[in-house]
Amino acid sequence: MIGIEDCLSEAMAIPGALGAILVDHTSGTALATEGLPDPERSAIGLSETFRATLDGLALSSPDGTIRIDDLIITTDHGYQLIKPMETMWDGPILICVRLDRDRANLALARRRLDSISHELIAS
Amino acid sequence: MLSELAESKATGALKAGRSGTVYLSKGRVCYVECARTPTVEELLTVSGRITSHGVKTARQTTAATADGGDMLVRRGVLSRGELQLCVLGATLDASFFLFGANVPKPRFREGDRHWLGIQWFFDVPGLFRECHRRRARLDRAWPSAELDSRPVVPVRRIRAHHVMLTALQWEILLNADADTTPIELAKRIGRPAYTTLLAVREMAAAGLLETPAAAPEPPPPEKRLELPKRVAGSAPRPEPPNGNGRRAQSSFPEISGDPSDVNLLIRLRNALEAFQ
């Protein structure tokens with residue numbers, strides 16, 4: 001079981017991690033961050049990315065309500081992983097990690113992020 | 001006054017009458033309570049993590065030592081991360097409503113601590129900055145505060161053919177009884193007041209709520225005894241046709257302009273309430 005700060009340092013320990021941030025999705029608040037120059041802007045941008053994906057998928061999905069397990073975005077510079085963690089009292093908290101394209105192992109990063117999120121929110 | 005206390009590295013509780021309390025430790029804010037927003041205790045009880053009796057007992061046994069948070073984590077009520085996130089969320093929520101309100105002259109009680117203990121730190125300028133950002137975000141969603149203190153009333157007929165709701169907006173609509181304000185609703189459903197308010201303003205912007213500026217409601221149509229006839233395109237939708245060229249479907253219930261949908265929801269809710 002880990003706290004917020006350990007969660008961020010474990011996310012930064014993922015091979016190839018360049019920056020990590022915890023975002024409260026409903027309010028767009030940057031809760032804690034490491035390695036990102038402008039956390040407030042990042043928080044807004046990442047939560048809007050997540051919201052747009054939810055909306056888009058809700059429109060295009062043929063069945064059921066949409067739950068996103070994680071989001072993998074490949075850019076020209078690297079990868080961006082966004083993983084929502086459900087809380088009992090509010091909308092999801094997003095844990096987002098930016099990864100170096102040459103050094104990162106996407107499958108490993110995804111698994112590590114999954115276990116980190118389960119350690120932070122034991123559910 | 002809060003900034004002065006922060007500069008002098010004070011430890012204690014700054015109490016603004018019954019409106020709320022700011023807890024400081026060595027000049028940094030560690031928790032804020034506001035009478036209008038759900039506290040950590042309320043969020044935990046409404047979400048079913050612990051009973052209100054459990055909270056009371058925990059508070060009494062740890063009032064002197066101020067390590068109630070650690071005890072809850074040891075007992076497995078919630079994880080360390082969840083506790084920190086809960087305190088963080090509740091503090092930001094309370095700050096937004098406490099700092100923006102007219103409050104009685106605050107009194108500082110040196111050395112007072114909250115029974116949960118210290119779970120997270122906020123620096124005072126950062127807290128003010130976040131409140132400011134949240135205010136701007138609210139105004140971007142719907143630039144008027146007139147809905148904030150009025151009961152939430154969903155419109156009976158919407159202009160759009162199709163709407164998309166977040167989970168929180170769904171909860172708000174189900175709990176709106178034309179009598180409860182957004183902040184009261186937040187307490188009832190155990191969600192932060194700010195996010196509830198934001199969701200309400202977003203729904204207002206989408207034309208889903210009655211607004212004061214809107215024309216007065218037309219007189220209600222005469223009461224029909226049987227279920228009104230459905231019109232084409234209203235929910236529930238027929239089986240989608242097979243083969244190519246299938247229309248994209250939302251995972252959400254299709255909402256038509258047909259008031260029978262709203263009527264049906266209201267009747268369903270009343271029936272469910274009668275069951276309890």
# chains A, B, ... in the order shown; residues from 1 in each chain; ligands from 1
>>> residues_around(residues="B:Phe96", least_positions_apart="3", cutoff="9 Å", atoms="only C-alpha atoms", output="count of residues only")
14
>>> closest_atom_pairs(of="chain A", to="chain B", cutoff="8 Å", atoms="only C-alpha atoms", output="CSV")
residue,atom,partner,partner_atom,distance
A:Met1,CA,B:Ser79,CA,6.7
A:Ile2,CA,B:Gly81,CA,6.0
A:Gly3,CA,B:Gly81,CA,4.3
A:Ile4,CA,B:Gly81,CA,5.6
A:Thr26,CA,B:Thr195,CA,6.2
A:Ser27,CA,B:Thr195,CA,6.1
A:Thr29,CA,B:Glu130,CA,7.8
A:Leu31,CA,B:Leu88,CA,7.9
A:Asp55,CA,B:Met164,CA,7.6
A:Ala58,CA,B:Ser250,CA,5.4
A:Leu59,CA,B:Ser250,CA,4.4
A:Ser60,CA,B:Ala248,CA,5.5
A:Ser61,CA,B:Gln249,CA,6.4
A:Pro62,CA,B:Gln249,CA,5.6
A:Asp63,CA,B:Ser251,CA,5.8
A:Gly64,CA,B:Ser251,CA,5.3
A:Thr65,CA,B:Ser251,CA,5.0
A:Ile66,CA,B:Ser251,CA,7.1
A:Thr87,CA,B:Glu82,CA,7.5
A:Met88,CA,B:Ser47,CA,5.7
A:Trp89,CA,B:Arg191,CA,5.6
A:Asp90,CA,B:Arg191,CA,5.8
A:Gly91,CA,B:Leu168,CA,7.5
A:Leu120,CA,B:Gly81,CA,4.7
A:Ile121,CA,B:Glu82,CA,5.6
A:Ala122,CA,B:Ser79,CA,5.9
>>> write_last_selection(atoms="N, CA and C atoms", output="compact mmCIF listing (two decimals), in the first residue's frame")
# COMPACT_ATOMS: atom_id res chain seq x y z
N MET A 1 0.84 -1.19 0.00
CA MET A 1 0.00 0.00 0.00
C MET A 1 0.88 1.25 0.00
N ILE A 2 0.59 2.20 -0.92
CA ILE A 2 1.44 3.38 -1.04
C ILE A 2 0.62 4.65 -0.99
N GLY A 3 1.30 5.77 -0.72
CA GLY A 3 0.64 7.06 -0.73
C GLY A 3 0.87 7.74 -2.07
N ILE A 4 0.39 8.99 -2.17
CA ILE A 4 0.46 9.71 -3.45
C ILE A 4 1.90 9.91 -3.91
N THR A 26 -12.68 15.28 -12.75
CA THR A 26 -13.88 16.12 -12.82
C THR A 26 -13.56 17.60 -12.66
N SER A 27 -12.59 17.93 -11.81
CA SER A 27 -12.29 19.35 -11.62
C SER A 27 -11.11 19.80 -12.47
N THR A 29 -8.00 19.32 -11.71
CA THR A 29 -6.96 19.79 -10.79
C THR A 29 -5.72 18.89 -10.86
N LEU A 31 -3.12 17.20 -8.93
CA LEU A 31 -3.01 16.86 -7.51
C LEU A 31 -1.55 16.73 -7.10
N ASP A 55 -16.29 10.61 -24.52
CA ASP A 55 -17.44 11.04 -25.32
C ASP A 55 -17.42 10.37 -26.69
N ALA A 58 -18.22 6.72 -26.45
CA ALA A 58 -19.63 6.49 -26.09
C ALA A 58 -20.49 6.56 -27.34
N LEU A 59 -20.13 7.47 -28.25
CA LEU A 59 -20.90 7.59 -29.49
C LEU A 59 -20.67 6.42 -30.43
N SER A 60 -19.44 5.88 -30.42
CA SER A 60 -19.11 4.88 -31.44
C SER A 60 -19.26 3.46 -30.93
N SER A 61 -19.50 3.29 -29.63
CA SER A 61 -19.55 1.94 -29.11
C SER A 61 -20.94 1.33 -29.31
N PRO A 62 -20.99 0.11 -29.79
CA PRO A 62 -22.30 -0.49 -30.05
C PRO A 62 -23.01 -1.00 -28.80
N ASP A 63 -22.29 -1.24 -27.73
CA ASP A 63 -22.97 -1.81 -26.56
C ASP A 63 -22.42 -1.31 -25.24
N GLY A 64 -23.25 -1.35 -24.24
CA GLY A 64 -22.82 -1.10 -22.87
C GLY A 64 -22.35 0.33 -22.64
N THR A 65 -22.12 0.65 -21.38
CA THR A 65 -21.56 1.94 -21.05
C THR A 65 -20.05 1.85 -21.15
N ILE A 66 -19.43 2.99 -21.31
CA ILE A 66 -18.00 3.01 -21.56
C ILE A 66 -17.20 3.09 -20.26
N THR A 87 -12.56 6.32 -7.55
CA THR A 87 -12.67 6.53 -6.11
C THR A 87 -14.13 6.40 -5.73
N MET A 88 -14.39 6.15 -4.46
CA MET A 88 -15.76 5.92 -4.03
C MET A 88 -16.57 7.21 -3.97
N TRP A 89 -15.88 8.33 -3.86
CA TRP A 89 -16.61 9.57 -3.55
C TRP A 89 -16.55 10.60 -4.66
N ASP A 90 -15.82 10.34 -5.72
CA ASP A 90 -15.69 11.35 -6.76
C ASP A 90 -15.40 10.65 -8.08
N GLY A 91 -15.39 11.44 -9.14
CA GLY A 91 -15.05 10.90 -10.44
C GLY A 91 -13.63 10.37 -10.40
N LEU A 120 -2.19 2.16 -4.86
CA LEU A 120 -2.63 3.46 -4.35
C LEU A 120 -4.08 3.36 -3.87
N ILE A 121 -4.92 2.78 -4.70
CA ILE A 121 -6.34 2.66 -4.35
C ILE A 121 -6.65 1.18 -4.26
N ALA A 122 -6.68 0.68 -3.04
CA ALA A 122 -6.86 -0.76 -2.84
C ALA A 122 -8.31 -1.12 -3.06
>>> select_by_dssp(residues="stretch 6-91 of chain A", states="strand (DSSP E or B)", output="PyMOL selection string")
chain A and resi 17-24+29-34+71-74+78-85
>>> residues_around(residues="A:Leu108", least_positions_apart="3", cutoff="12 Å", atoms="only C-alpha atoms", output="list in words")
Ala11, Ala13, Ile14, Pro15, Gly16, Ala17, Leu81, Leu99, Arg103, Ala104, Asn105, Arg111, Arg112, Leu113, Asp114 and Ser115 of chain A
>>> residues_around(residues="A:Asp69", least_positions_apart="2", cutoff="7 Å", atoms="only C-alpha atoms", output="count of residues only")
3
>>> residues_around(residues="B:Leu116", least_positions_apart="4", cutoff="6 Å", atoms="only C-alpha atoms", output="list in words")
Ala66, Asp67, Gly68 and Gly69 of chain B
>>> residues_around(residues="B:Glu210", least_positions_apart="4", cutoff="8 Å", atoms="only C-alpha atoms", output="ChimeraX atom specification")
/B:152-155,204,214
>>> residues_around(residues="A:Asp100", least_positions_apart="6", cutoff="12 Å", atoms="only C-alpha atoms", output="MDAnalysis selection string")
chainID A and resid 12 14:19 74:81 106 109
>>> write_last_selection(atoms="C-alpha atoms", output="tab-separated table (two decimals), in the first residue's frame")
chain	number	residue	atom	x	y	z
A	12	MET	CA	8.79	7.81	-12.56
A	14	ILE	CA	9.06	2.99	-14.97
A	15	PRO	CA	11.81	2.64	-17.63
A	16	GLY	CA	11.65	5.56	-20.04
A	17	ALA	CA	9.36	7.72	-17.84
A	18	LEU	CA	9.86	11.44	-18.47
A	19	GLY	CA	7.07	12.88	-16.36
A	74	THR	CA	1.68	7.27	-29.46
A	75	THR	CA	3.17	10.58	-30.51
A	76	ASP	CA	6.19	11.42	-32.63
A	77	HIS	CA	8.26	11.85	-29.49
A	78	GLY	CA	6.98	9.08	-27.28
A	79	TYR	CA	4.05	7.58	-25.52
A	80	GLN	CA	1.47	9.01	-23.20
A	81	LEU	CA	-0.27	6.61	-20.84
A	106	LEU	CA	5.03	-0.10	-23.58
A	109	ALA	CA	4.91	0.36	-18.54
>>> decode(residues="stretch 100-114 of chain B", atoms="N, CA and C atoms", output="JSON list (two decimals), in the first residue's frame")
[["chain", "number", "residue", "atom", "x", "y", "z"],
["B", 100, "GLY", "N", -14.51, 31.95, -0.60],
["B", 100, "GLY", "CA", -15.30, 32.86, -1.42],
["B", 100, "GLY", "C", -16.49, 33.43, -0.68],
["B", 101, "ALA", "N", -16.72, 32.99, 0.56],
["B", 101, "ALA", "CA", -17.96, 33.36, 1.25],
["B", 101, "ALA", "C", -17.72, 34.48, 2.26],
["B", 102, "ASN", "N", -18.82, 35.14, 2.62],
["B", 102, "ASN", "CA", -18.77, 36.09, 3.74],
["B", 102, "ASN", "C", -18.84, 35.28, 5.02],
["B", 103, "VAL", "N", -17.76, 35.28, 5.78],
["B", 103, "VAL", "CA", -17.76, 34.47, 6.98],
["B", 103, "VAL", "C", -17.58, 35.36, 8.20],
["B", 104, "PRO", "N", -18.05, 34.87, 9.36],
["B", 104, "PRO", "CA", -17.81, 35.65, 10.58],
["B", 104, "PRO", "C", -16.31, 35.79, 10.84],
["B", 105, "LYS", "N", -15.95, 36.79, 11.62],
["B", 105, "LYS", "CA", -14.54, 37.05, 11.89],
["B", 105, "LYS", "C", -13.88, 35.80, 12.48],
["B", 106, "PRO", "N", -12.86, 35.29, 11.80],
["B", 106, "PRO", "CA", -12.27, 34.04, 12.26],
["B", 106, "PRO", "C", -11.43, 34.20, 13.54],
["B", 107, "ARG", "N", -11.43, 33.13, 14.32],
["B", 107, "ARG", "CA", -10.60, 33.12, 15.53],
["B", 107, "ARG", "C", -9.63, 31.96, 15.45],
["B", 108, "PHE", "N", -8.39, 32.24, 15.82],
["B", 108, "PHE", "CA", -7.36, 31.22, 15.72],
["B", 108, "PHE", "C", -7.16, 30.54, 17.07],
["B", 109, "ARG", "N", -7.19, 29.22, 17.06],
["B", 109, "ARG", "CA", -6.93, 28.47, 18.29],
["B", 109, "ARG", "C", -5.64, 27.71, 18.12],
["B", 110, "GLU", "N", -4.64, 28.23, 18.76],
["B", 110, "GLU", "CA", -3.28, 27.68, 18.65],
["B", 110, "GLU", "C", -3.27, 26.22, 19.11],
["B", 111, "GLY", "N", -2.63, 25.39, 18.32],
["B", 111, "GLY", "CA", -2.40, 24.01, 18.74],
["B", 111, "GLY", "C", -3.52, 23.05, 18.45],
["B", 112, "ASP", "N", -4.70, 23.56, 18.03],
["B", 112, "ASP", "CA", -5.82, 22.66, 17.72],
["B", 112, "ASP", "C", -5.48, 21.80, 16.51],
["B", 113, "ARG", "N", -5.80, 20.53, 16.58],
["B", 113, "ARG", "CA", -5.55, 19.63, 15.45],
["B", 113, "ARG", "C", -6.82, 18.90, 15.08],
["B", 114, "HIS", "N", -6.87, 18.45, 13.83],
["B", 114, "HIS", "CA", -8.01, 17.66, 13.39],
["B", 114, "HIS", "C", -7.77, 16.20, 13.76]]
